[in-house]
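Structure, as structure tokens:
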Amino acid sequence: MDKNTDLKKRRENSHLGGGKARIDKQHEQGKLTARERITLLLDENSFHEIGQFVEHRSTAFGLDKQVFPGDGVVTGFGTIHGRLIYVFSQDFTVLGGSLSETHAAKICRIMDLAMKNGAPLIGINDSGGARIQEGVVSLAGYADIFYRNTRASGVIPQISVIMGPCAGGAVYSPALTDFIFMVEETSYMFVTGPNVVKTVTHESVTSEDLGGAKAHAEKSGVNHFIATNDVECLKKVRDLVTYFPQNSNELAPHPKQFSFNKAKLETIKHILPENNSIPYDIRKVVDNVIDDASFREVQEDFAKNIVVGFGRLEGRTLGIIANQPAAMAGVLDIDASRKGARFVRFCDAFNIPLLVFEDVPGFLPGTDQEWRGIITHGAKLLYAFAEATVPRITVITRKAYGGAFDVMNSKNIGADLNYAWPTAEIAVMGAKGAAEIIFKREIASASIPEEKWKEKEAEYAELFANPYRAAERGIIDDVILPEETRAKLIAGFKMLENKAEVLPQKKHGNIPL
């Protein structure tokens, strides 16, 4: 056999992974192979593999008879929409995708290249965990990856795509990345599996219920995006990266082509109900302001009382944070605060301007929230906004009460522009609650008849439940009509294009974790 033929044979062997039988089993489970996933993720014919012939060097427990070129992970680089991307894809057909010393080294090699060249990293996870036959060197391999995830955080975008099992220590690499995608029914994440849970806590639970895509989307908030199958998932990943810059020193791509249906300028006038106690969907406000079909919601099924996601305004990427009156009246709680804070910090790290739509009646009261630390968790959102140096604009649509008003990107924590609609109510609290405190003594003595009581409540509302007192003090920059919002935002963000703000010199702040 000549050398060229030998190379081709070796390549073919490498592409077979764990063999045809295991590939067929992967397909039977509704899953693509590691290489098929890379092919769908990247632009056609753009993938260049690195480490194709790497093999493990272990001999214990019969591993010397189970040697596969590539050692269970496909690594390399390619492009998405013409932009450089680094990728690794674990191959479950090779020893269950288990992580060995050399498997980890291949992933670390790609991570190092991504950092050196300032390009996003996408990891496709499908692994049974550490290769236990190798012992502690496998665990050390995980730690090498975690260390690089942490160093890369805020420098390059990192995306984890869970397309099979991801258990034990393996879950901490995705947890350190910026966004996690999961596939319904075929992917799951947990620190300890159903068998261990049953042994320790006597709870019977399936892998899907314990750590499936929906569990982490709705209950834990670990997962950011759900897909019904591998193909849909990879399409969503390709779409999402178009909203990111390559690294923290660049700006997100700015498509020159965009569309905006001007009929929405009329529609936006009628979104808010006349009665300020009736809920509405804040996403309708968002959709009627940004470019058509440009909103990509993040963590849609978690903490629904706050909406976060990416949108475009005349083609420019924005990070959007909005209170959602249609869920829990838009109140801020622990989960909403955590969700909002993490999103704000991602946007600030990657030079993505922030647009806030505010309609918040306050923080959620109750012993459950207080005992679980709403003070600390609420402070995370406050810290994230106050720390952000990107252009920041807030639009108050209706309620802006109490400390929640301060937290939601108020002027006094560094927002660049703050607008309010005529329907805005900017006050310490709602009129009823305020009147109960101001006239507490009269209420206790029953000296105020009911009709007089209603007058006092109306008096407070007239005085404070509007945007003009705040505008008088310069806390609000302008009161605008709903249909003027898009034009004001376009002008505002254009004005802020060259904003330069430097934080005080320090190693890093101590965010209230």
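In the structure tokens, chains take letters A, B, ... by order of appearance, with residues numbered from 1 within each chain and ligands from 1 in the order shown.
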Would you kindly return, as a JSON list (two decimals) with C-alpha atoms, in the first residue's frame, each protein, DNA or RNA residue with an atom no farther than 9 Å from any atom of Gly18 (chain A), considering only C-alpha atoms and excluding same-chain residues fewer than 4 positions away?
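This went into part_23.json:
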[["chain", "number", "residue", "atom", "x", "y", "z"],
["A", 14, "SER", "CA", -11.18, 7.89, 11.71],
["A", 22, "ARG", "CA", -22.68, 2.19, 16.84],
["A", 23, "ILE", "CA", -23.40, 4.89, 14.25],
["A", 68, "PHE", "CA", -9.87, 4.70, 18.05],
["A", 72, "GLY", "CA", -13.94, 10.24, 20.96],
["A", 91, "ASP", "CA", -18.45, 11.23, 19.62],
["A", 92, "PHE", "CA", -20.68, 8.96, 21.68],
["A", 93, "THR", "CA", -19.90, 6.02, 19.38],
["A", 94, "VAL", "CA", -16.34, 5.93, 20.76],
["A", 95, "LEU", "CA", -16.36, 4.61, 24.33]]
Tell me, as number ranges by chain, which residues lie within 6 Å of region 295-297 of chain A, counting only C-alpha atoms; anything in the same chain fewer than 4 positions away does not count. A: 308-311
Dump N, CA and C atoms for the selected residues as a PDB file, in the first residue's frame?
ATOM      1  N   VAL A 308     -35.835  38.661  28.301  1.00  0.00           N
ATOM      2  CA  VAL A 308     -34.522  39.098  27.823  1.00  0.00           C
ATOM      3  C   VAL A 308     -34.262  38.467  26.465  1.00  0.00           C
ATOM      4  N   GLY A 309     -33.487  39.138  25.651  1.00  0.00           N
ATOM      5  CA  GLY A 309     -33.162  38.581  24.337  1.00  0.00           C
ATOM      6  C   GLY A 309     -32.456  39.601  23.462  1.00  0.00           C
ATOM      7  N   PHE A 310     -32.105  39.156  22.272  1.00  0.00           N
ATOM      8  CA  PHE A 310     -31.411  40.008  21.312  1.00  0.00           C
ATOM      9  C   PHE A 310     -32.381  40.483  20.243  1.00  0.00           C
ATOM     10  N   GLY A 311     -32.206  41.718  19.819  1.00  0.00           N
ATOM     11  CA  GLY A 311     -32.991  42.272  18.727  1.00  0.00           C
ATOM     12  C   GLY A 311     -32.107  43.196  17.914  1.00  0.00           C
TER      13      GLY A 311
END
Taking a cut-off of 6 Å and counting only C-alpha atoms, can you build a table that, for each residue of region 311-427 of chain A near region 476-481 of chain A, reports the nearest atom pair and how far apart they are in Å (one decimal), sorted by chain then residue number, as a tab-separated table?
residue	atom	partner	partner_atom	distance
A:Asn418	CA	A:Ile476	CA	5.2
A:Tyr419	CA	A:Asp478	CA	5.2
A:Ala420	CA	A:Val479	CA	4.8
A:Trp421	CA	A:Ile480	CA	5.2
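Nearest residue to His81 (chain A), choosing from A:Lys380, A:Lys264, A:Arg486, A:Arg238 and counting only C-alpha atoms: A:Arg238.
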List the neighbours of Gly378 (chain A) out to 12 Å using only C-alpha atoms; skip same-chain residues closer than 5 positions along the sequence, and give me the result as a PyMOL selection string. chain A and resi 331-342+362-364+369-370+372-373+383-385+403-404+406-408+511-513
Those same residues, written as a CSV table (one decimal), in the first residue's frame with C-alpha atoms?
chain,number,residue,atom,x,y,z
A,331,VAL,CA,-42.6,41.9,39.6
A,332,LEU,CA,-39.0,41.2,40.2
A,333,ASP,CA,-38.1,38.1,42.1
A,334,ILE,CA,-35.0,35.9,42.7
A,335,ASP,CA,-35.2,34.1,39.3
A,336,ALA,CA,-36.0,37.2,37.3
A,337,SER,CA,-33.1,39.0,38.9
A,338,ARG,CA,-30.6,36.3,38.2
A,339,LYS,CA,-31.8,35.9,34.6
A,340,GLY,CA,-31.6,39.6,33.9
A,341,ALA,CA,-28.2,40.1,35.6
A,342,ARG,CA,-26.5,37.3,33.6
A,362,GLY,CA,-41.6,46.3,42.8
A,363,PHE,CA,-40.0,43.2,44.2
A,364,LEU,CA,-42.0,40.1,45.1
A,369,GLN,CA,-38.3,35.3,48.7
A,370,GLU,CA,-36.7,36.9,51.8
A,372,ARG,CA,-34.0,32.6,49.9
A,373,GLY,CA,-32.1,35.9,49.6
A,383,TYR,CA,-24.8,45.5,40.1
A,384,ALA,CA,-24.9,44.3,36.5
A,385,PHE,CA,-26.6,47.4,35.2
A,403,GLY,CA,-36.4,50.1,44.6
A,404,ALA,CA,-37.3,48.2,41.4
A,406,ASP,CA,-33.8,52.2,40.7
A,407,VAL,CA,-32.7,48.7,39.7
A,408,MET,CA,-34.2,48.7,36.2
A,511,ILE,CA,-20.6,41.0,42.7
A,512,PRO,CA,-23.1,39.8,45.3
A,513,LEU,CA,-23.2,36.1,44.4
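Checking A:Gln246, A:Asn125, A:Lys116, A:Lys219 one by one against Ile85 (chain A), counting only C-alpha atoms, you find the shortest gap at A:Gln246.
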Write out as a PDB file with N, CA and C atoms, in the first residue's frame the residues lying within 12 Å of Ala263 (chain A), counting only C-alpha atoms and excluding same-chain residues fewer than 6 positions away.
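The new file part-v6.pdb reads:
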ATOM      1  N   LYS A 269     -49.622  52.176  19.616  1.00  0.00           N
ATOM      2  CA  LYS A 269     -50.449  53.110  20.396  1.00  0.00           C
ATOM      3  C   LYS A 269     -51.499  52.396  21.228  1.00  0.00           C
ATOM      4  N   ASP A 287     -41.638  44.073  19.857  1.00  0.00           N
ATOM      5  CA  ASP A 287     -41.774  43.749  18.428  1.00  0.00           C
ATOM      6  C   ASP A 287     -42.193  44.951  17.591  1.00  0.00           C
ATOM      7  N   ASN A 288     -42.892  45.897  18.214  1.00  0.00           N
ATOM      8  CA  ASN A 288     -43.342  47.072  17.478  1.00  0.00           C
ATOM      9  C   ASN A 288     -42.324  48.200  17.466  1.00  0.00           C
ATOM     10  N   VAL A 289     -41.167  47.967  18.058  1.00  0.00           N
ATOM     11  CA  VAL A 289     -40.111  48.978  18.094  1.00  0.00           C
ATOM     12  C   VAL A 289     -38.892  48.544  17.273  1.00  0.00           C
ATOM     13  N   ASP A 292     -38.218  44.143  12.025  1.00  0.00           N
ATOM     14  CA  ASP A 292     -39.146  43.025  11.861  1.00  0.00           C
ATOM     15  C   ASP A 292     -38.443  41.679  12.066  1.00  0.00           C
ATOM     16  N   GLU A 483     -45.588  55.926  19.709  1.00  0.00           N
ATOM     17  CA  GLU A 483     -45.215  55.839  18.296  1.00  0.00           C
ATOM     18  C   GLU A 483     -43.902  56.572  17.979  1.00  0.00           C
TER      19      GLU A 483
END
Shell around region 248-262 of chain A at 9 Å using only C-alpha atoms, local window under 3 positions removed, as a ChimeraX atom specification: /A:118,154-157,242-245,265-266,288-293,312-317,349-352
Pick the closest to Gly123 (chain A) from A:Asp2, A:Asp144, A:Asp178, A:Glu300: which is it, counting only C-alpha atoms? A:Asp178
Which of region 194-359 of chain A DSSP labels alpha helix (DSSP H), written as a VMD selection string: chain A and resid 194 to 201 207 to 211 213 to 215 230 to 240 264 to 267 282 to 287 334 to 349
Let's have the selection written as an mmCIF file, in the first residue's frame, with C-alpha atoms.
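out-v7.cif, freshly written:
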data_model
loop_
_atom_site.group_PDB
_atom_site.id
_atom_site.type_symbol
_atom_site.label_atom_id
_atom_site.label_comp_id
_atom_site.auth_asym_id
_atom_site.auth_seq_id
_atom_site.Cartn_x
_atom_site.Cartn_y
_atom_site.Cartn_z
ATOM 1 C CA PRO A 194 -31.452 9.061 38.862
ATOM 2 C CA ASN A 195 -29.829 5.983 40.453
ATOM 3 C CA VAL A 196 -27.769 8.025 42.895
ATOM 4 C CA VAL A 197 -30.757 10.244 43.670
ATOM 5 C CA LYS A 198 -32.834 7.158 44.488
ATOM 6 C CA THR A 199 -30.106 5.717 46.718
ATOM 7 C CA VAL A 200 -29.492 8.921 48.665
ATOM 8 C CA THR A 201 -32.902 10.620 48.807
ATOM 9 C CA SER A 207 -33.348 11.262 33.467
ATOM 10 C CA GLU A 208 -35.731 13.498 31.499
ATOM 11 C CA ASP A 209 -37.569 14.775 34.581
ATOM 12 C CA LEU A 210 -34.355 15.215 36.552
ATOM 13 C CA GLY A 211 -32.227 16.953 33.957
ATOM 14 C CA ALA A 213 -34.282 20.044 28.304
ATOM 15 C CA LYS A 214 -37.655 21.154 29.684
ATOM 16 C CA ALA A 215 -36.635 20.678 33.314
ATOM 17 C CA ASP A 230 -30.503 17.979 16.409
ATOM 18 C CA VAL A 231 -31.112 19.693 13.062
ATOM 19 C CA GLU A 232 -33.358 22.414 14.513
ATOM 20 C CA CYS A 233 -30.920 22.952 17.374
ATOM 21 C CA LEU A 234 -27.927 23.520 15.111
ATOM 22 C CA LYS A 235 -29.921 25.935 12.934
ATOM 23 C CA LYS A 236 -30.733 27.954 16.057
ATOM 24 C CA VAL A 237 -27.057 28.056 17.029
ATOM 25 C CA ARG A 238 -26.112 29.315 13.545
ATOM 26 C CA ASP A 239 -28.738 32.043 13.859
ATOM 27 C CA LEU A 240 -27.755 33.135 17.364
ATOM 28 C CA LYS A 264 -46.500 49.047 13.737
ATOM 29 C CA LEU A 265 -46.212 52.735 14.605
ATOM 30 C CA GLU A 266 -49.989 52.756 14.718
ATOM 31 C CA THR A 267 -50.294 49.380 16.461
ATOM 32 C CA ILE A 282 -44.394 43.429 26.774
ATOM 33 C CA ARG A 283 -43.111 41.434 23.794
ATOM 34 C CA LYS A 284 -45.708 43.249 21.671
ATOM 35 C CA VAL A 285 -44.055 46.531 22.631
ATOM 36 C CA VAL A 286 -40.623 45.125 21.790
ATOM 37 C CA ASP A 287 -41.774 43.749 18.428
ATOM 38 C CA ILE A 334 -35.037 35.916 42.664
ATOM 39 C CA ASP A 335 -35.179 34.055 39.347
ATOM 40 C CA ALA A 336 -35.956 37.173 37.293
ATOM 41 C CA SER A 337 -33.075 39.043 38.934
ATOM 42 C CA ARG A 338 -30.585 36.251 38.202
ATOM 43 C CA LYS A 339 -31.813 35.855 34.639
ATOM 44 C CA GLY A 340 -31.611 39.573 33.923
ATOM 45 C CA ALA A 341 -28.231 40.062 35.588
ATOM 46 C CA ARG A 342 -26.476 37.312 33.643
ATOM 47 C CA PHE A 343 -27.861 38.566 30.345
ATOM 48 C CA VAL A 344 -26.853 42.171 31.078
ATOM 49 C CA ARG A 345 -23.310 41.089 31.911
ATOM 50 C CA PHE A 346 -22.992 39.079 28.683
ATOM 51 C CA CYS A 347 -24.094 42.078 26.626
ATOM 52 C CA ASP A 348 -21.753 44.438 28.434
ATOM 53 C CA ALA A 349 -18.817 42.031 28.010
#
Taken to one decimal, the CA of Gly51 (chain A)-CA of Lys106 (chain A) distance is 6.7 Å
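Pairwise distance (CA of Lys499 (chain A), CA of Thr397 (chain A)) equals 25.5 Å.
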Residues of region 275-477 of chain A in strand (DSSP E) according to DSSP, as number ranges by chain? A: 296-298, 306-313, 316-323, 354-360, 392-401, 417-420, 425-427
Would you export the selected residues with N, CA and C atoms as a short mmCIF file (atom, residue, chain, number, x, y, z; two decimals), in the first residue's frame, please?
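Result file is again_24.cif:
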data_model
loop_
_atom_site.label_atom_id
_atom_site.label_comp_id
_atom_site.auth_asym_id
_atom_site.auth_seq_id
_atom_site.Cartn_x
_atom_site.Cartn_y
_atom_site.Cartn_z
N ARG A 296 -34.81 37.59 19.37
CA ARG A 296 -34.45 36.23 19.74
C ARG A 296 -34.46 36.15 21.27
N GLU A 297 -35.54 35.61 21.81
CA GLU A 297 -35.69 35.57 23.26
C GLU A 297 -34.79 34.51 23.87
N VAL A 298 -34.19 34.83 25.01
CA VAL A 298 -33.31 33.94 25.74
C VAL A 298 -34.03 33.48 27.01
N ILE A 306 -39.76 38.37 33.54
CA ILE A 306 -38.83 39.26 32.86
C ILE A 306 -38.48 38.64 31.51
N VAL A 307 -38.40 39.46 30.49
CA VAL A 307 -38.09 39.02 29.14
C VAL A 307 -36.72 39.55 28.76
N VAL A 308 -35.84 38.66 28.30
CA VAL A 308 -34.52 39.10 27.82
C VAL A 308 -34.26 38.47 26.46
N GLY A 309 -33.49 39.14 25.65
CA GLY A 309 -33.16 38.58 24.34
C GLY A 309 -32.46 39.60 23.46
N PHE A 310 -32.11 39.16 22.27
CA PHE A 310 -31.41 40.01 21.31
C PHE A 310 -32.38 40.48 20.24
N GLY A 311 -32.21 41.72 19.82
CA GLY A 311 -32.99 42.27 18.73
C GLY A 311 -32.11 43.20 17.91
N ARG A 312 -32.67 43.73 16.84
CA ARG A 312 -31.90 44.66 16.01
C ARG A 312 -32.69 45.94 15.79
N LEU A 313 -31.97 47.03 15.75
CA LEU A 313 -32.54 48.35 15.47
C LEU A 313 -31.76 48.93 14.30
N ARG A 316 -28.57 47.02 13.85
CA ARG A 316 -27.60 46.94 14.94
C ARG A 316 -28.13 46.04 16.06
N THR A 317 -27.28 45.16 16.57
CA THR A 317 -27.67 44.27 17.66
C THR A 317 -27.87 45.05 18.96
N LEU A 318 -28.96 44.73 19.66
CA LEU A 318 -29.23 45.27 21.00
C LEU A 318 -29.52 44.11 21.94
N GLY A 319 -29.19 44.29 23.21
CA GLY A 319 -29.65 43.38 24.25
C GLY A 319 -30.87 44.01 24.90
N ILE A 320 -31.97 43.27 24.93
CA ILE A 320 -33.24 43.83 25.42
C ILE A 320 -33.65 43.15 26.72
N ILE A 321 -33.96 43.97 27.72
CA ILE A 321 -34.43 43.48 29.01
C ILE A 321 -35.75 44.18 29.29
N ALA A 322 -36.81 43.42 29.59
CA ALA A 322 -38.12 44.02 29.75
C ALA A 322 -38.92 43.32 30.84
N ASN A 323 -39.51 44.08 31.74
CA ASN A 323 -40.45 43.51 32.69
C ASN A 323 -41.68 43.02 31.93
N LEU A 354 -27.64 48.17 25.54
CA LEU A 354 -28.77 47.66 26.30
C LEU A 354 -29.99 48.55 26.16
N LEU A 355 -31.12 47.93 25.87
CA LEU A 355 -32.41 48.61 25.79
C LEU A 355 -33.34 48.00 26.83
N VAL A 356 -33.86 48.82 27.72
CA VAL A 356 -34.71 48.34 28.80
C VAL A 356 -36.12 48.90 28.64
N PHE A 357 -37.10 48.01 28.69
CA PHE A 357 -38.51 48.42 28.76
C PHE A 357 -38.99 48.13 30.17
N GLU A 358 -39.44 49.17 30.85
CA GLU A 358 -39.74 49.04 32.27
C GLU A 358 -41.23 49.18 32.57
N ASP A 359 -41.75 48.17 33.26
CA ASP A 359 -43.10 48.22 33.83
C ASP A 359 -43.07 47.30 35.04
N VAL A 360 -42.60 47.84 36.17
CA VAL A 360 -42.34 47.00 37.34
C VAL A 360 -43.00 47.58 38.59
N ARG A 392 -26.76 52.62 27.19
CA ARG A 392 -27.92 52.09 27.91
C ARG A 392 -29.09 53.07 27.83
N ILE A 393 -30.22 52.59 27.36
CA ILE A 393 -31.42 53.43 27.27
C ILE A 393 -32.60 52.69 27.90
N THR A 394 -33.38 53.41 28.69
CA THR A 394 -34.57 52.84 29.34
C THR A 394 -35.82 53.56 28.86
N VAL A 395 -36.87 52.79 28.62
CA VAL A 395 -38.19 53.34 28.29
C VAL A 395 -39.18 52.82 29.31
N ILE A 396 -39.79 53.72 30.09
CA ILE A 396 -40.78 53.33 31.08
C ILE A 396 -42.16 53.40 30.43
N THR A 397 -42.82 52.27 30.33
CA THR A 397 -44.13 52.23 29.67
C THR A 397 -45.26 52.48 30.65
N ARG A 398 -45.12 51.96 31.87
CA ARG A 398 -46.22 52.12 32.83
C ARG A 398 -45.64 52.23 34.25
N LYS A 399 -45.67 51.20 35.05
CA LYS A 399 -45.27 51.32 36.45
C LYS A 399 -43.75 51.29 36.63
N ALA A 400 -43.27 52.15 37.51
CA ALA A 400 -41.86 52.14 37.91
C ALA A 400 -41.85 52.53 39.38
N TYR A 401 -41.99 51.51 40.23
CA TYR A 401 -42.20 51.75 41.65
C TYR A 401 -40.99 51.32 42.49
N LEU A 417 -29.79 57.42 28.68
CA LEU A 417 -31.03 58.11 28.35
C LEU A 417 -32.20 57.37 28.98
N ASN A 418 -33.14 58.13 29.54
CA ASN A 418 -34.33 57.54 30.14
C ASN A 418 -35.56 58.26 29.62
N TYR A 419 -36.41 57.48 28.95
CA TYR A 419 -37.65 58.02 28.41
C TYR A 419 -38.85 57.43 29.15
N ALA A 420 -39.96 58.12 29.09
CA ALA A 420 -41.20 57.61 29.68
C ALA A 420 -42.36 57.90 28.75
N GLU A 425 -45.96 55.68 35.47
CA GLU A 425 -46.22 56.04 36.87
C GLU A 425 -44.93 55.82 37.64
N ILE A 426 -44.23 56.90 37.94
CA ILE A 426 -42.93 56.80 38.60
C ILE A 426 -43.09 57.29 40.03
N ALA A 427 -43.02 56.36 40.98
CA ALA A 427 -43.30 56.71 42.37
C ALA A 427 -42.65 55.70 43.30
#
Just the number, please: distance in Å from CA of His56 (chain A) to CA of Ser100 (chain A), one decimal. 7.4 Å
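With only C-alpha atoms as the atoms that count, the residue of A:Glu28, A:Asp126, A:Glu184, A:Glu49 with the shortest distance to Ser160 (chain A) is A:Asp126.
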Just the residues within 8 Å of Val161 (chain A), please, counting only C-alpha atoms, with nothing from its chain fewer than 6 positions along; format it as a PyMOL selection string. chain A and resi 122-125+180-182
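Proximity ranking of A:Leu99, A:Ile268, A:Phe77, A:Leu32 relative to Thr186 (chain A) places A:Leu32 first, based on only C-alpha atoms.
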